[in-house]
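K.L.:
Below is one structure. I have some questions about it.
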Amino acid sequence: MKRLTHAALALGGLIATACASVSSESAPAPASTAPEWRLVIHGGAGVILPGSMTPEMEAAYITALNVSLEAGAAVLRAGGSALDAVEAAVLTMEDDALFNAGHGAVFTASGTHELDASIMDGRDRNAGAVAGVMRVKNPVLAARAVMEKSEHVMFAAEGADAFAQAQGLEMVENAYFDTDRRREALERVLQERARTAADRHGTVGAIALDRGGNLAAATTTGGMTAKAAGRVGDAPLIGAATYAENGVCAVSATGHGEYFIRVGVAKTICDRVKLAGEDVKTAAGAALDEVAALGGDGGVIVLSGEGDYGFVFNAAGMYRGWIDASGSGTAIYGEDDAE
Ligand code: ASP
């Protein structure tokens with residue numbers, strides 16, 4: 001594992017951290033040494049402070065991030081598509097109760113689970129999404145099925161579950177998503193109404209560049225703890241949490257969804273890259289400045305058509321990692337701590 005290099009930025013009075021680097025500690029790879037393939041992931045941003053977790057928990061997150069990185073990398077190493085890689089990477093996190101996606105999804109205020117997911121193929125900007133699903137085990141697979149097996153981009157609620165079932169995807173009872181940890185979080189949030197939203201969320205996402213130069217992005221979440229039934233965040237919205245366009249950029253976001261929707265974060269980043277010629281980290285910093293100015297927090301992972309990548313967030317920490325043929329790295333807190 002290589003150590004991530006961070007450059008701290010001040011965004012909206014909060015700490016933001018941009019992590020760059022690949023083979024060297026100091027600078028992003030120049031275009032001439034663009035990677036053959038690369039995968040970048042996140043497992044949610046929020047109030048994740050050093051000392052807030054036991055060493056065992058910390059190790060479990062790092063292991064889970066590496067499992068995800070390896071799942072996606074296996075696809076890319078073998079010459080598979082960026083689309084298959086992002087799906088493989090987020091699937092492992094959907095199945096891991098550590099993350100607020102799939103099995104570990106948070107509870108709504110009504111004590112149920114409503115999950116959101118989206119996926120986008122940078123080759124043709126085809127995209128699929130589901131919002132408020134309650135029974136499909138892996139929402140990212142439902143999002144992909146919407147993209148590939150329907151003429152639509154998004155299905156919601158019962159119709160989305162019915163569509164997933166008709167496609168032969170594995171269905172579960174809503175209680176499959178119950179975990180003690182998330183139930184305790186719900187009880188805490190319901191009791192302490194004054195809490196900020198910052199410690200109520202989490203999401204997972206992946207972006208990838210494949211050997212063919214194609215980009216893809218995927219984002220999947222349980223949303224925010226104690227969200228109102230029917231509330232939909234940014235994760236299933238193409239242009240808010242997810243975007244991919246070949247030659248431009250791929251983005252997956254995590255954070256307080258209402259703000260990410262209002263800024264249109266993922267599309268704003270890609271437009272700044274495409275129209276203003278900004279590098280992906282500068283563009284991401286500008287979009288997160290807008291989120292912070294409105295009062296929101298969270299983060300993004302970004303990857304350019306040439307493989308330059310960054311982690312930019314204005315929350316205390318973000319579970320994150322990268323992998324390519326030269327190595328890999330993971331980190332959790334705002335300060336560089338990964339190996
Ligand atoms: N963006 C997600 C939502 O608002 C939550 C998160 O990423 O933490 O539903």
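Just so we're on the same page: first chain in the structure tokens is A, next is B, and so on; residues restart at 1 for each chain, and ligands are numbered from 1 in the order they show up.
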If we count only C-alpha atoms, what is near segment 214-231 of chain A at a cut-off of 7 Å, once residues fewer than 5 positions away on the same chain are taken out, given as number ranges by chain?

P.N.:
A: 82-83, 86-87, 100-102, 105-110, 113-123, 132, 139-140, 186, 189-190, 200-201, 203-209, 241-246, 250-252, 305

K.L.:
DSSP on the backbone, then: every residue of segment 24-253 of chain A marked strand (DSSP E or B), written as a ChimeraX atom specification.

P.N.:
/A:38-46,108,115-121,126-133,136,154-156,171,204-209,215-221,227,238,242-245,249-253

K.L.:
What does the distance between atom CA of Ala284 of chain A and atom CA of Glu94 of chain A come to in Å, to one decimal place?

P.N.:
25.2 Å

K.L.:
Using only C-alpha atoms and all ligand atoms, can you tell me which of A:Thr63, A:Ser81, A:Asn314, A:Thr254 comes closest to ligand 1?

P.N.:
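Selected residue with least distance to ligand 1: A:Thr254.
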
K.L.:
Grab the atom CA of Leu65 of chain A to atom CA of Val40 of chain A distance for me, in Å with one decimal place.

P.N.:
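Calculated distance between atom CA of Leu65 of chain A and atom CA of Val40 of chain A is 10.3 Å.
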
K.L.:
What is the distance between atom CA of Thr330 of chain A and atom CA of Ala287 of chain A, in Å to one decimal?

P.N.:
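Between atom CA of Thr330 of chain A and atom CA of Ala287 of chain A the gap is 23.6 Å.
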
K.L.:
Need to verify the contact set: Val291 of chain A, 10 Å, only C-alpha atoms, exclusion of same-chain residues closer than 2 positions in sequence. Can you return it as a ChimeraX atom specification?

P.N.:
/A:11-12,255-265,285-289,293-299,314

K.L.:
Show which residues sit within 10 Å of segment 162-165 of chain A, as a list in words. Count only C-alpha atoms, and ignore same-chain residues fewer than 4 positions away.

P.N.:
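Here the qualifying residues turn out to be Val130, Val133, Arg135, Val136, Lys137, Asn138, Pro139, Leu141, Ala142, Ala143, Arg144, Ala145, Val146, Lys149, Ser150, Phe155, Ala156, Ala157, Glu158, Leu169, Glu170 and Met171 of chain A.
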
K.L.:
Using DSSP on the backbone coordinates, identify all residues within segment 128-270 of chain A classified as alpha helix (DSSP H); present the result as a PyMOL selection string.

P.N.:
chain A and resi 139-149+157-166+180-191+257-263+265-270

K.L.:
If you count only C-alpha atoms, which residues fall within 7 Å of Trp37 of chain A, apart from same-chain ones fewer than 4 positions away, as number ranges by chain?

P.N.:
A: 76, 209-211, 324

K.L.:
Identify which of the residues A:Ala175, A:Met147, A:Val248, A:Ile301 lies closest to ligand 1, counting only C-alpha atoms and all ligand atoms when measuring atom-to-atom distances.

P.N.:
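Closest to ligand 1, using only C-alpha atoms and all ligand atoms: A:Ile301.
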
K.L.:
Need the shell around Ser68 of chain A: protein/DNA/RNA residues with any atom at most 6 Å away, counting only C-alpha atoms. Skip same-chain ones fewer than 2 positions apart. Format as a PDB file with N, CA and C atoms, in the first residue's frame?

P.N.:
ATOM      1  N   LEU A  65     -12.219  -1.711   2.604  1.00  0.00           N
ATOM      2  CA  LEU A  65     -11.866  -0.855   1.459  1.00  0.00           C
ATOM      3  C   LEU A  65     -10.959  -1.622   0.502  1.00  0.00           C
ATOM      4  N   ASN A  66     -10.030  -2.378   1.063  1.00  0.00           N
ATOM      5  CA  ASN A  66      -9.127  -3.149   0.203  1.00  0.00           C
ATOM      6  C   ASN A  66      -9.846  -4.274  -0.533  1.00  0.00           C
ATOM      7  N   GLU A  70      -9.795  -4.459  -4.553  1.00  0.00           N
ATOM      8  CA  GLU A  70      -9.358  -5.670  -5.250  1.00  0.00           C
ATOM      9  C   GLU A  70     -10.440  -6.201  -6.180  1.00  0.00           C
ATOM     10  N   ALA A  71     -11.684  -6.116  -5.741  1.00  0.00           N
ATOM     11  CA  ALA A  71     -12.787  -6.614  -6.587  1.00  0.00           C
ATOM     12  C   ALA A  71     -12.855  -5.833  -7.893  1.00  0.00           C
ATOM     13  N   ALA A  89     -16.811  -3.120  -7.440  1.00  0.00           N
ATOM     14  CA  ALA A  89     -16.246  -2.445  -6.255  1.00  0.00           C
ATOM     15  C   ALA A  89     -17.338  -2.064  -5.260  1.00  0.00           C
ATOM     16  N   THR A  92     -19.204  -5.135  -3.147  1.00  0.00           N
ATOM     17  CA  THR A  92     -18.635  -5.682  -1.903  1.00  0.00           C
ATOM     18  C   THR A  92     -19.007  -4.787  -0.723  1.00  0.00           C
TER      19      THR A  92
END

K.L.:
Name the closest residue to ligand 1 among the candidates A:Ala253, A:Ala331, A:Ala129, A:Ala59; distances are taken between atoms, counting only C-alpha atoms and all ligand atoms.

P.N.:
A:Ala253
